[in-house]
Amino acid sequence: MIIWLVVIVFFLIYFIGVGYYFTQQVLFMKTNSLEFIYQRELENFRFDENLYRSFQKESFSVQSRYGYELKGYLFEAFDTNNWVIITHGVSVNKNNSIKYAELFLKLGFNVLTYDHRRHGESGGTTTSYGYYEKYDLQTIVHYLKDLKGDIVLGIHGESMGACTMLQYAGFVEDSAAFYISDCAFSTFEKQLTYRLKMDYKLPKWAILPVSSIWLKLRNGFFIKDISPLLATNNIKKPVLFIHSKRDDYIPYTNTIHLYEANQGEKELFIAENGAHAMSLNENKEEYYSIVSSFLNNIEIEHNSL
């Protein structure tokens with residue numbers, strides 16, 4: 001009986017300790033301020049500040065279905081119905097999207113950038129890697145379409161933003177004319193397994209089953225519920241998949257698997273240079289060329305500045 005009590009106590013300590021600690025790291029990953037990201041991007045010459053300031057931007061706020069505010073900017077530089085929504089990665093914010101906004105503004109698109117839940121100026125208390133964010137993206141899409149009417153819409157996502165975009169298009173509504181997925185993971189389970197191995201030298205069986213239960217209890221979803229891989233199989237509109245070969249945070253093979261799973265019109269660009277989310281930064285001319293070519297191939301009219 002004493003042995004069984006010891007086993008039960010040990011299991012409870014393990015279940016509570018591992019589950020709470022791991023989900024705390026996942027749900028409440030540290031985020032960076034708008035000021036920090038702006039200065040980081042500026043100091044690393046990732047956008048042209050004079051050009052950025054020359055484009056008029058208008059702030060907006062729209063309520064998420066979950067009760068908090070989603071805040072962002074509208075860059076309406078042209079008399080065109082071509083728009084692109086840009087979704088950023090985890091821990092950063094809409095200021096990380098300036099370089100992508102610059103790209104599409106140079107291609108003649110108007111641009112919307114916004115902060116995901118719990119990032120930047122938006123509300124929300126947890127990060128869910130696309131599970132809830134995909135519905136926030138739906139809210140943003142509907143807001144823009146209601147505001148601007150009949151538009152040709154593209155969505156560009158980086159890292160978690162790409163995962164959010166793919167799950168929106170595959171699980172919620174495939175409503176854009178095109179999508180650009182930059183350095184997404186294929187499944188949340190695969191990404192967590194990889195990070196456990198790289199960061200802690202731990203096998204997934206020791207952490208993920210318990211943590212998945214805790215995620216469900218604390219935030220309403222299991223690990224398996226976050227799967228861009230399943231989503232991309234449902235996307236019919238054209239998708240450009242991008243990743244850096246040297247990415248050691250989310251290996252580029254994730255994007256290969258996403259590309260192979262997609263059944264619609266698609267293109268693939270594996271950049272030779274750059275770490276995670278650095279494909280544009282380290283391959284700027286080629287990145288611009290690939291995006292422009294992709295738009296030409298799917299017959300989206302655009303005019304480069």
# chains A, B, ... in the order shown; residues from 1 in each chain; ligands from 1
>>> residues_around(residues="region 66-75 of chain A", least_positions_apart="2", cutoff="10 Å", atoms="only C-alpha atoms", output="compact mmCIF listing (two decimals) with C-alpha atoms, in the first residue's frame")
# COMPACT_ATOMS: atom_id res chain seq x y z
CA TYR A 52 7.68 53.51 -44.84
CA PHE A 55 3.02 55.78 -47.10
CA GLN A 56 -0.03 57.01 -45.26
CA LYS A 57 -1.26 54.55 -42.67
CA GLU A 58 -4.51 54.49 -40.72
CA SER A 59 -4.92 52.62 -37.46
CA PHE A 60 -7.94 50.41 -36.86
CA SER A 61 -9.44 48.31 -34.11
CA VAL A 62 -11.94 45.47 -34.48
CA GLN A 63 -13.38 43.15 -31.86
CA SER A 64 -12.45 39.46 -31.90
CA ALA A 77 -1.40 53.85 -50.96
CA PHE A 78 -3.08 53.14 -54.29
CA TRP A 83 -5.02 44.08 -50.89
CA VAL A 84 -2.68 41.88 -48.85
CA ILE A 85 -3.10 40.97 -45.17
CA ASN A 93 4.13 42.09 -33.76
CA LYS A 94 2.90 44.18 -36.69
CA ASN A 95 6.18 46.12 -36.79
CA ALA A 101 4.33 45.58 -46.28
CA GLU A 102 7.12 47.34 -48.17
CA LEU A 105 3.42 48.20 -51.55
CA PHE A 109 -0.91 46.37 -53.37
CA ASN A 110 -2.57 48.09 -50.46
CA VAL A 111 -1.68 46.39 -47.18
CA LEU A 112 -3.23 45.55 -43.82
CA THR A 113 -1.01 44.58 -40.88
CA TYR A 114 -2.26 43.67 -37.42
CA ASP A 115 -1.22 42.21 -34.07
CA HIS A 116 -2.19 38.67 -33.14
CA ARG A 117 -3.91 38.08 -29.81
CA ARG A 118 -1.57 38.70 -26.83
CA HIS A 119 0.89 40.53 -29.11
CA GLY A 120 1.53 44.20 -29.72
CA GLU A 121 -1.55 46.31 -29.05
CA SER A 122 -4.12 43.51 -29.40
CA GLY A 123 -5.86 41.91 -26.45
CA GLY A 124 -6.08 38.27 -25.43
CA THR A 125 -4.30 36.31 -22.74
CA TYR A 132 -7.85 30.68 -32.03
CA TYR A 135 -10.74 32.88 -36.31
CA ASP A 136 -9.19 36.25 -35.51
CA LEU A 137 -7.83 36.24 -39.07
CA THR A 139 -12.52 38.58 -38.35
CA ILE A 140 -9.79 40.68 -39.99
CA LEU A 144 -11.44 44.49 -44.63
>>> closest_atom_pairs(of="region 56-170 of chain A", to="region 247-266 of chain A", cutoff="12 Å", atoms="only C-alpha atoms", output="Markdown table")
| residue | atom | partner | partner_atom | distance |
| --- | --- | --- | --- | --- |
| A:Glu158 | CA | A:Ile250 | CA | 11.6 |
| A:Ser159 | CA | A:Ile250 | CA | 8.4 |
| A:Met160 | CA | A:Ile250 | CA | 10.5 |
| A:Ala162 | CA | A:Thr255 | CA | 10.5 |
| A:Cys163 | CA | A:Leu258 | CA | 10.4 |
| A:Leu166 | CA | A:Leu258 | CA | 9.6 |
| A:Gln167 | CA | A:Leu258 | CA | 11.7 |
| A:Ala169 | CA | A:Asn262 | CA | 11.7 |
| A:Gly170 | CA | A:Asn262 | CA | 10.0 |
>>> closest_residue(among="A:Val6, A:Ile16, A:Leu196, A:Ile300", to="Leu153 (chain A)", atoms="only C-alpha atoms")
A:Ile300
>>> residues_around(residues="Asn281 (chain A)", least_positions_apart="5", cutoff="10 Å", atoms="only C-alpha atoms", output="ChimeraX atom specification")
/A:41,44-47,99,273-275,287
>>> write_last_selection(atoms="N, CA and C atoms", output="tab-separated table (two decimals), in the first residue's frame")
chain	number	residue	atom	x	y	z
A	41	GLU	N	14.32	45.96	-36.46
A	41	GLU	CA	14.18	45.87	-37.91
A	41	GLU	C	14.91	47.04	-38.59
A	44	ASN	N	18.77	46.75	-38.47
A	44	ASN	CA	19.28	45.69	-39.33
A	44	ASN	C	18.93	45.92	-40.81
A	45	PHE	N	18.47	47.14	-41.12
A	45	PHE	CA	18.22	47.57	-42.50
A	45	PHE	C	17.22	46.65	-43.21
A	46	ARG	N	16.17	46.27	-42.49
A	46	ARG	CA	15.19	45.36	-43.07
A	46	ARG	C	14.04	46.07	-43.77
A	47	PHE	N	13.99	47.39	-43.65
A	47	PHE	CA	13.03	48.16	-44.42
A	47	PHE	C	13.57	49.57	-44.59
A	99	LYS	N	8.58	45.04	-43.32
A	99	LYS	CA	9.37	44.65	-44.50
A	99	LYS	C	8.50	43.96	-45.55
A	273	ASN	N	19.89	30.97	-48.20
A	273	ASN	CA	20.46	31.71	-47.07
A	273	ASN	C	19.40	32.05	-46.04
A	274	GLY	N	19.86	32.26	-44.81
A	274	GLY	CA	18.97	32.75	-43.77
A	274	GLY	C	18.55	31.71	-42.76
A	275	ALA	N	18.48	32.15	-41.49
A	275	ALA	CA	17.96	31.32	-40.42
A	275	ALA	C	16.44	31.43	-40.40
A	287	TYR	N	13.65	36.86	-53.32
A	287	TYR	CA	12.33	36.80	-52.69
A	287	TYR	C	11.33	37.67	-53.46
>>> atom_distance(atom1="CA of Gly157 (chain A)", atom2="CA of Gly220 (chain A)")
24.0 Å
>>> residues_around(residues="region 26-37 of chain A", least_positions_apart="3", cutoff="6 Å", atoms="only C-alpha atoms", output="list in words")
Thr23, Arg40, Ser91, Val92, Gly120, Thr126 and Thr127 of chain A
>>> select_by_dssp(residues="region 41-261 of chain A", states="helix (DSSP H, G or I)", output="PyMOL selection string")
chain A and resi 41-43+49-54+94-106+133-148+160-172+188-200+204-206+208-219+223-225+228-232+253-261
>>> atom_distance(atom1="CA of Val210 (chain A)", atom2="CA of Leu230 (chain A)")
23.0 Å
>>> residues_around(residues="Phe178 (chain A)", least_positions_apart="2", cutoff="6 Å", atoms="only C-alpha atoms", output="PyMOL selection string")
chain A and resi 154+176+237-239
>>> write_last_selection(atoms="N, CA, C and O atoms", output="short mmCIF file (atom, residue, chain, number, x, y, z; two decimals), in the first residue's frame")
data_model
loop_
_atom_site.label_atom_id
_atom_site.label_comp_id
_atom_site.auth_asym_id
_atom_site.auth_seq_id
_atom_site.Cartn_x
_atom_site.Cartn_y
_atom_site.Cartn_z
N GLY A 154 -4.93 38.88 -50.97
CA GLY A 154 -3.89 37.90 -50.70
C GLY A 154 -3.56 37.92 -49.22
O GLY A 154 -3.77 38.94 -48.54
N ALA A 176 -9.33 33.87 -49.84
CA ALA A 176 -8.38 34.78 -50.49
C ALA A 176 -8.11 34.32 -51.91
O ALA A 176 -8.38 33.17 -52.29
N LYS A 237 -7.14 27.51 -53.45
CA LYS A 237 -6.55 28.70 -54.06
C LYS A 237 -5.03 28.56 -54.10
O LYS A 237 -4.43 27.79 -53.33
N PRO A 238 -4.34 29.30 -54.98
CA PRO A 238 -2.88 29.17 -55.13
C PRO A 238 -2.11 29.50 -53.85
O PRO A 238 -2.45 30.46 -53.14
N VAL A 239 -1.07 28.71 -53.59
CA VAL A 239 -0.22 28.91 -52.42
C VAL A 239 1.24 28.92 -52.85
O VAL A 239 1.68 28.03 -53.58
#
>>> closest_residue(among="A:Ala271, A:Leu5, A:Val18, A:Thr80", to="Asn303 (chain A)", atoms="only C-alpha atoms")
A:Thr80
>>> select_by_dssp(residues="region 68-209 of chain A", states="strand (DSSP E)", output="CSV table (one decimal) with N, CA, C and O atoms, in the first residue's frame")
chain,number,residue,atom,x,y,z
A,69,GLU,N,-9.8,43.2,-28.4
A,69,GLU,CA,-9.6,44.0,-29.6
A,69,GLU,C,-8.4,43.6,-30.4
A,69,GLU,O,-7.4,43.2,-29.8
A,70,LEU,N,-8.5,43.6,-31.7
A,70,LEU,CA,-7.4,43.3,-32.6
A,70,LEU,C,-7.1,44.6,-33.3
A,70,LEU,O,-8.0,45.3,-33.9
A,71,LYS,N,-5.8,45.0,-33.2
A,71,LYS,CA,-5.4,46.4,-33.7
A,71,LYS,C,-4.4,46.3,-34.7
A,71,LYS,O,-3.5,45.4,-34.7
A,72,GLY,N,-4.5,47.2,-35.7
A,72,GLY,CA,-3.5,47.1,-36.8
A,72,GLY,C,-3.5,48.4,-37.6
A,72,GLY,O,-4.0,49.5,-37.2
A,73,TYR,N,-2.9,48.3,-38.8
A,73,TYR,CA,-2.8,49.5,-39.7
A,73,TYR,C,-3.3,49.1,-41.1
A,73,TYR,O,-3.1,48.0,-41.6
A,74,LEU,N,-3.9,50.1,-41.7
A,74,LEU,CA,-4.2,50.0,-43.1
A,74,LEU,C,-3.3,51.0,-43.9
A,74,LEU,O,-3.2,52.2,-43.6
A,75,PHE,N,-2.6,50.4,-44.9
A,75,PHE,CA,-1.7,51.2,-45.8
A,75,PHE,C,-2.5,51.3,-47.1
A,75,PHE,O,-2.3,50.4,-48.0
A,82,ASN,N,-6.6,45.7,-55.0
A,82,ASN,CA,-5.7,44.7,-54.6
A,82,ASN,C,-5.2,44.9,-53.2
A,82,ASN,O,-4.6,46.0,-52.9
A,83,TRP,N,-5.4,44.0,-52.3
A,83,TRP,CA,-5.0,44.1,-50.9
A,83,TRP,C,-4.3,42.8,-50.4
A,83,TRP,O,-4.6,41.7,-50.9
A,84,VAL,N,-3.4,43.0,-49.5
A,84,VAL,CA,-2.7,41.9,-48.8
A,84,VAL,C,-2.8,42.1,-47.3
A,84,VAL,O,-2.5,43.2,-46.8
A,85,ILE,N,-3.1,41.0,-46.6
A,85,ILE,CA,-3.1,41.0,-45.2
A,85,ILE,C,-1.8,40.2,-44.8
A,85,ILE,O,-1.5,39.2,-45.3
A,86,ILE,N,-1.1,40.8,-43.8
A,86,ILE,CA,0.1,40.2,-43.4
A,86,ILE,C,0.0,39.7,-41.9
A,86,ILE,O,-0.4,40.5,-41.0
A,87,THR,N,0.3,38.5,-41.7
A,87,THR,CA,0.2,37.9,-40.3
A,87,THR,C,1.6,37.5,-39.8
A,87,THR,O,2.3,36.8,-40.5
A,110,ASN,N,-2.3,47.5,-51.8
A,110,ASN,CA,-2.6,48.1,-50.5
A,110,ASN,C,-2.4,47.0,-49.4
A,110,ASN,O,-2.5,45.8,-49.7
A,111,VAL,N,-2.1,47.4,-48.2
A,111,VAL,CA,-1.7,46.4,-47.2
A,111,VAL,C,-2.4,46.6,-45.8
A,111,VAL,O,-2.6,47.8,-45.4
A,112,LEU,N,-2.8,45.5,-45.2
A,112,LEU,CA,-3.2,45.5,-43.8
A,112,LEU,C,-2.3,44.7,-43.0
A,112,LEU,O,-2.0,43.6,-43.3
A,113,THR,N,-1.8,45.3,-41.9
A,113,THR,CA,-1.0,44.6,-40.9
A,113,THR,C,-1.8,44.7,-39.5
A,113,THR,O,-2.5,45.6,-39.3
A,114,TYR,N,-1.6,43.6,-38.7
A,114,TYR,CA,-2.3,43.7,-37.4
A,114,TYR,C,-1.5,42.8,-36.4
A,114,TYR,O,-0.6,42.0,-36.8
A,152,VAL,N,-9.5,42.1,-54.4
A,152,VAL,CA,-8.7,40.9,-54.7
A,152,VAL,C,-7.7,40.8,-53.5
A,152,VAL,O,-6.8,41.6,-53.3
A,153,LEU,N,-7.9,39.7,-52.7
A,153,LEU,CA,-7.2,39.6,-51.4
A,153,LEU,C,-6.1,38.5,-51.5
A,153,LEU,O,-6.4,37.4,-51.9
A,154,GLY,N,-4.9,38.9,-51.0
A,154,GLY,CA,-3.9,37.9,-50.7
A,154,GLY,C,-3.6,37.9,-49.2
A,154,GLY,O,-3.8,38.9,-48.5
A,155,ILE,N,-3.0,36.8,-48.7
A,155,ILE,CA,-2.6,36.8,-47.3
A,155,ILE,C,-1.2,36.2,-47.3
A,155,ILE,O,-0.9,35.2,-47.9
A,156,HIS,N,-0.3,36.9,-46.6
A,156,HIS,CA,1.1,36.5,-46.4
A,156,HIS,C,1.3,36.2,-44.9
A,156,HIS,O,0.9,37.0,-44.0
A,157,GLY,N,1.8,35.0,-44.6
A,157,GLY,CA,2.1,34.7,-43.2
A,157,GLY,C,3.5,34.3,-42.9
A,157,GLY,O,4.1,33.6,-43.8
A,158,GLU,N,4.1,34.7,-41.8
A,158,GLU,CA,5.4,34.3,-41.4
A,158,GLU,C,5.4,33.4,-40.2
A,158,GLU,O,4.7,33.9,-39.2
A,178,PHE,N,-5.0,34.3,-53.1
A,178,PHE,CA,-3.7,33.6,-53.0
A,178,PHE,C,-3.2,33.7,-51.6
A,178,PHE,O,-3.6,34.6,-50.8
A,179,TYR,N,-2.3,32.8,-51.3
A,179,TYR,CA,-1.6,32.7,-50.0
A,179,TYR,C,-0.1,32.6,-50.1
A,179,TYR,O,0.3,31.9,-51.1
A,180,ILE,N,0.6,33.2,-49.2
A,180,ILE,CA,2.1,33.0,-49.2
A,180,ILE,C,2.5,32.5,-47.8
A,180,ILE,O,2.3,33.3,-46.8
A,181,SER,N,3.0,31.3,-47.7
A,181,SER,CA,3.3,30.7,-46.4
A,181,SER,C,4.8,30.7,-46.3
A,181,SER,O,5.5,30.0,-47.0
A,182,ASP,N,5.4,31.5,-45.3
A,182,ASP,CA,6.8,31.6,-45.1
A,182,ASP,C,7.2,30.9,-43.8
A,182,ASP,O,6.8,31.4,-42.7
>>> residues_around(residues="Phe269 (chain A)", least_positions_apart="3", cutoff="9 Å", atoms="only C-alpha atoms", output="VMD selection string")
chain A and resid 240 to 244 287 290
>>> write_last_selection(atoms="C-alpha atoms", output="CSV table (one decimal), in the first residue's frame")
chain,number,residue,atom,x,y,z
A,240,LEU,CA,3.4,29.9,-52.5
A,241,PHE,CA,5.4,28.0,-49.9
A,242,ILE,CA,8.7,29.6,-48.7
A,243,HIS,CA,11.4,28.5,-46.3
A,244,SER,CA,15.1,28.9,-45.7
A,287,TYR,CA,12.3,36.8,-52.7
A,290,ILE,CA,9.7,34.8,-56.7
>>> atom_distance(atom1="CA of Ser97 (chain A)", atom2="CA of Gly161 (chain A)")
10.4 Å
>>> residues_around(residues="Glu285 (chain A)", least_positions_apart="6", cutoff="12 Å", atoms="only C-alpha atoms", output="PDB file with C-alpha atoms, in the first residue's frame")
ATOM      1  CA  LEU A 103       7.366  44.405 -50.579  1.00  0.00           C
ATOM      2  CA  ALA A 271      16.014  29.953 -49.998  1.00  0.00           C
ATOM      3  CA  SER A 279      14.257  34.298 -46.144  1.00  0.00           C
ATOM      4  CA  VAL A 291       6.677  36.647 -55.277  1.00  0.00           C
ATOM      5  CA  SER A 292       6.284  38.764 -58.415  1.00  0.00           C
TER       6      SER A 292
END
